[in-house]
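Q: The structure's right below; bear with me while I get my questions together.
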Amino acid sequence: EIPLRLVGSEMCIRDRRETITPRMATASRISVLGCPVDVLDMDATVQRVRQAIETRVSLRHSCVSAAKLNRMHHDSALRQAVRSSDIISADGAGVLWAAKMLGQVVPPRVTGIALFLQLVRLAANSGWPIFLLGDREPVVAAVANKLRHAYPTLQLAGYHHGFFDDEQAVVAQIRDAKPALLFVAMGTPRQEVFLHAHQSALQAGFSMGVGGSFSVVANVARRTPPALGDLGLEWLHRLAQDPSRLMRRNVVEHGGFISKVVRARLGLYTSMHD
């Protein structure tokens, strides 16, 4: 069974927190520690994607979390890739907390996996071909098969694993497949830097990095339970699944992020610069 009850109504696909419309603002973007974040809910984000594909305007999307924002301060390639994205969504609860702490309008939360699944459903209904890039070969193949089964009308332009050395060959394969939507699951910062570097050459109508979403859909990894997600504890759930790999990253990245937000609140922090 595909997570989030992929077969069914639109409400079943959405994360429970995203079925509630948060308070909106007139401004389309805010800034959190120097990173733009769009004040768009799920419906508005999907509508932007639909308009881009229908008008053949290339659109690149990034999600930001507390860990990613912290990493952007010392990774210039990631910083440039994220900040130049056409849409930047608040994925983690830490970003919402930071916006509130810094007196910004709190943006709606749009998680990468929920947006990914929404757009797959839209693609199936609209006749838009998709391409899946990333993770291990058995995982991406399993995702392709599950999506085909869930959506018989889905046009799968192709898929490719994420462990490759010849970027140009992969870019050419995707370009020749002519997908309307490209989903890349190669982890941060590789997926963001790849899409930034090749956006023009890929010629996809819409592209986004989806992190570990393929593993979740393929049932290789478990998605964060809603109760933990509501408390902003996604990191704790992921840490419990892979403590040896994620312990240092979570402690360092989240600790660094909290420190930067507190310093910014006190007027002691200078935001990231290119």
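Ordering of the structure tokens sets the chain letters (A, B, ...); residue numbers start at 1 within each chain; ligands are numbered from 1 in the order shown.
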Determine, using only C-alpha atoms, which residues of range 35-97 of chain A have any atom at most 6 Å from an atom of range 182-205 of chain A, and tabulate each with its shortest atom pair and distance in Å to one decimal place, rows ordered by chain and then rising number, as JSON lines.
A:
{"residue": "A:Ile53", "atom": "CA", "partner": "A:Gly205", "partner_atom": "CA", "distance": 5.2}
{"residue": "A:Ser58", "atom": "CA", "partner": "A:Gly205", "partner_atom": "CA", "distance": 4.6}
{"residue": "A:Leu78", "atom": "CA", "partner": "A:Pro189", "partner_atom": "CA", "distance": 5.7}
{"residue": "A:Ala81", "atom": "CA", "partner": "A:His196", "partner_atom": "CA", "distance": 5.3}
Q: So that I have them on file, write out the residues from the current selection with N, CA and C atoms, as a short mmCIF file (atom, residue, chain, number, x, y, z; two decimals), in the first residue's frame.
A:
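What follows is the written file part.cif:
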data_model
loop_
_atom_site.label_atom_id
_atom_site.label_comp_id
_atom_site.auth_asym_id
_atom_site.auth_seq_id
_atom_site.Cartn_x
_atom_site.Cartn_y
_atom_site.Cartn_z
N ILE A 53 3.06 24.80 -16.25
CA ILE A 53 3.06 23.74 -17.26
C ILE A 53 2.18 24.12 -18.44
N SER A 58 9.24 27.22 -17.37
CA SER A 58 9.96 26.33 -16.47
C SER A 58 9.92 26.86 -15.04
N LEU A 78 24.59 25.28 -2.27
CA LEU A 78 23.22 25.01 -1.83
C LEU A 78 22.47 26.33 -1.66
N ALA A 81 21.45 27.68 -5.00
CA ALA A 81 20.43 26.83 -5.62
C ALA A 81 19.06 27.07 -5.02
#
Q: Within 12 Å of Arg29 in chain A, counting only C-alpha atoms, which residues qualify if same-chain residues fewer than 2 places away don't, as a list in words?
A: Met24, Ala25, Thr26, Ala27, Ser31, Val32, Gly34, Cys35, Pro36, Val37, Asp38, Val39, Leu40, Asp41, Arg83, Asp86, Ile87, Ile88, Ser89, Ala90, Ala99, Gln104, Val105, Val106, Pro107 and Pro108 of chain A
Q: Keeping only C-alpha atoms, write the selected residues to a file as a short mmCIF file (atom, residue, chain, number, x, y, z; two decimals), in the first residue's frame.
A:
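The file below, out-v7.cif, is the result:
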data_model
loop_
_atom_site.label_atom_id
_atom_site.label_comp_id
_atom_site.auth_asym_id
_atom_site.auth_seq_id
_atom_site.Cartn_x
_atom_site.Cartn_y
_atom_site.Cartn_z
CA MET A 24 -2.42 34.12 4.85
CA ALA A 25 -0.67 37.43 4.16
CA THR A 26 -0.78 39.89 1.33
CA ALA A 27 2.98 39.56 0.84
CA SER A 31 12.59 36.11 4.64
CA VAL A 32 13.81 33.65 7.26
CA GLY A 34 18.02 35.65 4.70
CA CYS A 35 16.28 32.89 2.77
CA PRO A 36 13.08 33.74 0.86
CA VAL A 37 10.05 31.61 1.76
CA ASP A 38 6.82 31.79 -0.21
CA VAL A 39 3.57 32.41 1.66
CA LEU A 40 1.62 29.88 -0.40
CA ASP A 41 -0.54 27.05 0.85
CA ARG A 83 17.53 31.10 -3.10
CA ASP A 86 10.97 29.96 -8.33
CA ILE A 87 8.98 28.62 -5.37
CA ILE A 88 10.39 28.01 -1.89
CA SER A 89 8.10 26.20 0.55
CA ALA A 90 8.38 25.84 4.32
CA ALA A 99 9.16 33.04 11.18
CA GLN A 104 7.28 37.43 10.12
CA VAL A 105 3.98 36.16 8.77
CA VAL A 106 3.98 32.43 9.45
CA PRO A 107 3.86 30.71 6.04
CA PRO A 108 1.66 27.67 5.40
#
Q: Suppose you want the space between CA of Leu69 in chain A and CA of Arg265 in chain A; what is it in Å?
A: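 Between these atoms lies a distance of 16.1 Å.
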Q: For the structure I just gave you, how does DSSP split range 90-139 of chain A - specifically, which residues are alpha helix (DSSP H)? Reply as a PyMOL selection string.
A: chain A and resi 93-101+112-126+137-139
Q: Please, could you write that set of residues out with C-alpha atoms as an mmCIF file, in the first residue's frame?
A:
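New file out_29.cif:
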data_model
loop_
_atom_site.group_PDB
_atom_site.id
_atom_site.type_symbol
_atom_site.label_atom_id
_atom_site.label_comp_id
_atom_site.auth_asym_id
_atom_site.auth_seq_id
_atom_site.Cartn_x
_atom_site.Cartn_y
_atom_site.Cartn_z
ATOM 1 C CA ALA A 93 7.965 23.114 11.599
ATOM 2 C CA GLY A 94 11.230 24.783 12.589
ATOM 3 C CA VAL A 95 10.858 27.253 9.719
ATOM 4 C CA LEU A 96 7.371 28.217 10.935
ATOM 5 C CA TRP A 97 8.698 28.660 14.480
ATOM 6 C CA ALA A 98 11.534 30.863 13.205
ATOM 7 C CA ALA A 99 9.157 33.044 11.184
ATOM 8 C CA LYS A 100 7.001 33.580 14.275
ATOM 9 C CA MET A 101 10.019 34.317 16.485
ATOM 10 C CA GLY A 112 7.853 17.920 -0.067
ATOM 11 C CA ILE A 113 6.300 14.475 0.022
ATOM 12 C CA ALA A 114 2.740 15.834 0.192
ATOM 13 C CA LEU A 115 3.377 18.162 -2.756
ATOM 14 C CA PHE A 116 5.015 15.321 -4.699
ATOM 15 C CA LEU A 117 1.988 13.078 -4.268
ATOM 16 C CA GLN A 118 -0.445 15.882 -5.071
ATOM 17 C CA LEU A 119 1.374 16.616 -8.307
ATOM 18 C CA VAL A 120 1.581 12.962 -9.339
ATOM 19 C CA ARG A 121 -2.185 12.744 -9.009
ATOM 20 C CA LEU A 122 -2.617 15.973 -10.979
ATOM 21 C CA ALA A 123 -0.252 14.700 -13.680
ATOM 22 C CA ALA A 124 -2.250 11.498 -14.040
ATOM 23 C CA ASN A 125 -5.489 13.435 -14.379
ATOM 24 C CA SER A 126 -4.015 15.982 -16.775
ATOM 25 C CA GLU A 137 17.590 1.331 -8.659
ATOM 26 C CA PRO A 138 15.260 -1.107 -6.813
ATOM 27 C CA VAL A 139 13.672 1.763 -4.900
#
Q: Would you mind telling me which residue in A:Phe206, A:Leu156, A:Leu33, A:Gly127 lies nearest to Thr45 in chain A when using only C-alpha atoms?
A: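 The closest residue to Thr45 in chain A is A:Phe206.
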Q: With only C-alpha atoms as the counted atoms, please give the residues lying no more than 12 Å from Ser259 in chain A, apart from itself and same-chain residues fewer than 4 positions off, as a PyMOL selection string.
A: chain A and resi 33+66+70+98+251-255+263-266+268-269
Q: Taking all heavy atoms for each residue, export the selection above as a compact mmCIF listing (two decimals), in the first residue's frame.
A:
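This went into selection17.txt:
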# COMPACT_ATOMS: atom_id res chain seq x y z
N LEU A 33 16.01 34.21 8.09
CA LEU A 33 17.47 34.19 8.16
C LEU A 33 18.11 34.47 6.80
O LEU A 33 19.15 33.91 6.47
CB LEU A 33 17.96 32.85 8.73
CG LEU A 33 17.53 32.51 10.15
CD1 LEU A 33 18.11 31.16 10.58
CD2 LEU A 33 17.93 33.60 11.14
N ALA A 66 14.66 23.44 8.93
CA ALA A 66 15.63 24.05 9.84
C ALA A 66 17.05 23.60 9.48
O ALA A 66 17.98 24.41 9.41
CB ALA A 66 15.30 23.69 11.28
N ASN A 70 20.13 26.01 8.02
CA ASN A 70 21.41 26.12 8.71
C ASN A 70 22.56 25.76 7.79
O ASN A 70 23.59 26.43 7.76
CB ASN A 70 21.43 25.22 9.94
CG ASN A 70 22.64 25.48 10.81
OD1 ASN A 70 22.76 26.53 11.44
ND2 ASN A 70 23.56 24.53 10.85
N ALA A 98 10.59 29.77 13.42
CA ALA A 98 11.53 30.86 13.20
C ALA A 98 10.82 32.10 12.67
O ALA A 98 11.10 33.22 13.12
CB ALA A 98 12.63 30.43 12.23
N VAL A 251 21.94 17.07 15.65
CA VAL A 251 22.41 17.88 16.77
C VAL A 251 23.06 19.16 16.26
O VAL A 251 22.76 20.26 16.72
CB VAL A 251 23.39 17.08 17.64
CG1 VAL A 251 24.04 18.00 18.68
CG2 VAL A 251 22.68 15.93 18.33
N VAL A 252 23.94 19.02 15.27
CA VAL A 252 24.69 20.18 14.77
C VAL A 252 23.78 21.13 14.00
O VAL A 252 23.76 22.35 14.27
CB VAL A 252 25.86 19.73 13.88
CG1 VAL A 252 26.50 20.93 13.20
CG2 VAL A 252 26.88 18.96 14.69
N GLU A 253 23.01 20.61 13.04
CA GLU A 253 22.21 21.47 12.18
C GLU A 253 21.07 22.15 12.95
O GLU A 253 20.85 23.35 12.82
CB GLU A 253 21.65 20.68 11.00
CG GLU A 253 22.70 20.07 10.08
CD GLU A 253 23.50 21.10 9.29
OE1 GLU A 253 23.26 22.32 9.46
OE2 GLU A 253 24.36 20.69 8.50
N HIS A 254 20.34 21.39 13.75
CA HIS A 254 19.22 21.99 14.48
C HIS A 254 19.71 22.92 15.59
O HIS A 254 19.12 23.98 15.84
CB HIS A 254 18.30 20.91 15.03
CG HIS A 254 17.46 20.25 13.98
ND1 HIS A 254 17.92 19.19 13.23
CD2 HIS A 254 16.21 20.52 13.52
CE1 HIS A 254 16.99 18.81 12.38
NE2 HIS A 254 15.95 19.60 12.52
N GLY A 255 20.79 22.53 16.25
CA GLY A 255 21.35 23.41 17.27
C GLY A 255 21.84 24.71 16.67
O GLY A 255 21.62 25.80 17.22
N ARG A 263 19.78 34.59 18.02
CA ARG A 263 20.65 35.75 17.79
C ARG A 263 19.99 36.78 16.89
O ARG A 263 20.12 37.99 17.11
CB ARG A 263 21.98 35.28 17.20
CG ARG A 263 22.89 34.61 18.23
CD ARG A 263 23.91 33.71 17.57
NE ARG A 263 24.67 34.40 16.54
CZ ARG A 263 25.30 33.77 15.54
NH1 ARG A 263 25.22 32.44 15.44
NH2 ARG A 263 25.98 34.46 14.66
N ALA A 264 19.26 36.30 15.88
CA ALA A 264 18.56 37.24 14.99
C ALA A 264 17.47 37.99 15.76
O ALA A 264 17.24 39.17 15.54
CB ALA A 264 17.95 36.48 13.81
N ARG A 265 16.80 37.29 16.66
CA ARG A 265 15.75 37.92 17.46
C ARG A 265 16.34 39.03 18.34
O ARG A 265 15.70 40.05 18.59
CB ARG A 265 15.07 36.85 18.33
CG ARG A 265 14.02 37.38 19.29
CD ARG A 265 12.80 37.92 18.57
NE ARG A 265 11.84 38.49 19.51
CZ ARG A 265 10.84 37.81 20.05
NH1 ARG A 265 10.66 36.51 19.74
NH2 ARG A 265 10.01 38.38 20.88
N LEU A 266 17.59 38.83 18.77
CA LEU A 266 18.26 39.81 19.63
C LEU A 266 19.01 40.86 18.83
O LEU A 266 19.67 41.73 19.41
CB LEU A 266 19.23 39.09 20.58
CG LEU A 266 18.59 38.10 21.57
CD1 LEU A 266 19.66 37.36 22.34
CD2 LEU A 266 17.64 38.83 22.51
N LEU A 268 21.57 40.28 16.86
CA LEU A 268 23.00 39.97 16.89
C LEU A 268 23.46 39.11 15.74
O LEU A 268 24.59 38.63 15.72
CB LEU A 268 23.34 39.25 18.22
CG LEU A 268 22.98 40.01 19.50
CD1 LEU A 268 23.27 39.12 20.70
CD2 LEU A 268 23.76 41.31 19.58
N TYR A 269 22.58 38.88 14.77
CA TYR A 269 22.91 37.96 13.68
C TYR A 269 22.80 38.65 12.33
O TYR A 269 21.85 39.38 12.06
CB TYR A 269 21.96 36.74 13.72
CG TYR A 269 22.16 35.81 12.55
CD1 TYR A 269 23.23 34.94 12.52
CD2 TYR A 269 21.28 35.82 11.47
CE1 TYR A 269 23.44 34.10 11.45
CE2 TYR A 269 21.48 34.97 10.40
CZ TYR A 269 22.56 34.11 10.39
OH TYR A 269 22.76 33.28 9.33
Q: When distances are computed from only C-alpha atoms, which of A:Ala141, A:Ala44, A:Leu154, A:Val49 shows the smallest separation from Trp128 in chain A?
A: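 Among the listed residues, the smallest separation from Trp128 in chain A belongs to A:Leu154.
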Q: Pick out the closest residue to Gly256 in chain A from this set: A:Gly211, A:Gly103, A:His149, A:Ala67. Count only C-alpha atoms.
A: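 Smallest separation from Gly256 in chain A among the options: A:Ala67.
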Q: Could you check the closest approach to Val110 in chain A for each of A:Leu181, A:Val210, A:Val220, A:Met42 and tell me which residue wins, using only C-alpha atoms?
A: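 Distance minimum relative to Val110 in chain A lands on A:Met42.
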Q: Calculate how many Å separate CA of Arg71 in chain A from CA of Ala52 in chain A, rounding to one decimal.
A: 29.3 Å
Q: Where does DSSP see strand (DSSP E) in range 53-196 of chain A, if you list the residues as a VMD selection string?
A: chain A and resid 59 to 64 87 to 90 130 to 134 156 to 160 181 to 185
Q: For Ser85 in chain A, list every protein, DNA or RNA residue within 7 Å, evaluated using only C-alpha atoms, and leave out those in the same chain fewer than 5 positions away; present the list as a PyMOL selection string.
A: chain A and resi 60-62
Q: If you keep all heavy atoms, can you produce a file of those selected residues as a PDB file, in the first residue's frame?
A:
ATOM      1  N   ARG A  60      11.136  25.890 -10.949  1.00  0.00           N
ATOM      2  CA  ARG A  60      11.931  25.031 -10.067  1.00  0.00           C
ATOM      3  C   ARG A  60      11.535  25.310  -8.620  1.00  0.00           C
ATOM      4  O   ARG A  60      11.435  26.454  -8.197  1.00  0.00           O
ATOM      5  CB  ARG A  60      13.422  25.283 -10.283  1.00  0.00           C
ATOM      6  CG  ARG A  60      14.353  24.468  -9.390  1.00  0.00           C
ATOM      7  CD  ARG A  60      15.783  24.485  -9.944  1.00  0.00           C
ATOM      8  NE  ARG A  60      16.221  25.839 -10.206  1.00  0.00           N
ATOM      9  CZ  ARG A  60      16.818  26.631  -9.310  1.00  0.00           C
ATOM     10  NH1 ARG A  60      17.025  26.183  -8.067  1.00  0.00           N
ATOM     11  NH2 ARG A  60      17.213  27.851  -9.631  1.00  0.00           N
ATOM     12  N   HIS A  61      11.309  24.238  -7.869  1.00  0.00           N
ATOM     13  CA  HIS A  61      10.806  24.338  -6.503  1.00  0.00           C
ATOM     14  C   HIS A  61      11.821  23.798  -5.512  1.00  0.00           C
ATOM     15  O   HIS A  61      12.531  22.827  -5.790  1.00  0.00           O
ATOM     16  CB  HIS A  61       9.507  23.523  -6.389  1.00  0.00           C
ATOM     17  CG  HIS A  61       8.952  23.441  -5.008  1.00  0.00           C
ATOM     18  ND1 HIS A  61       9.388  22.517  -4.081  1.00  0.00           N
ATOM     19  CD2 HIS A  61       7.983  24.163  -4.383  1.00  0.00           C
ATOM     20  CE1 HIS A  61       8.719  22.669  -2.956  1.00  0.00           C
ATOM     21  NE2 HIS A  61       7.866  23.658  -3.108  1.00  0.00           N
ATOM     22  N   SER A  62      11.895  24.435  -4.359  1.00  0.00           N
ATOM     23  CA  SER A  62      12.718  23.939  -3.249  1.00  0.00           C
ATOM     24  C   SER A  62      11.908  23.979  -1.965  1.00  0.00           C
ATOM     25  O   SER A  62      11.080  24.873  -1.772  1.00  0.00           O
ATOM     26  CB  SER A  62      13.982  24.788  -3.060  1.00  0.00           C
ATOM     27  OG  SER A  62      14.902  24.597  -4.105  1.00  0.00           O
TER      28      SER A  62
END
Q: In Å to one decimal, how far is CA of Met208 in chain A from CA of Val57 in chain A?
A: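 Distance between the two atoms: 14.5 Å.
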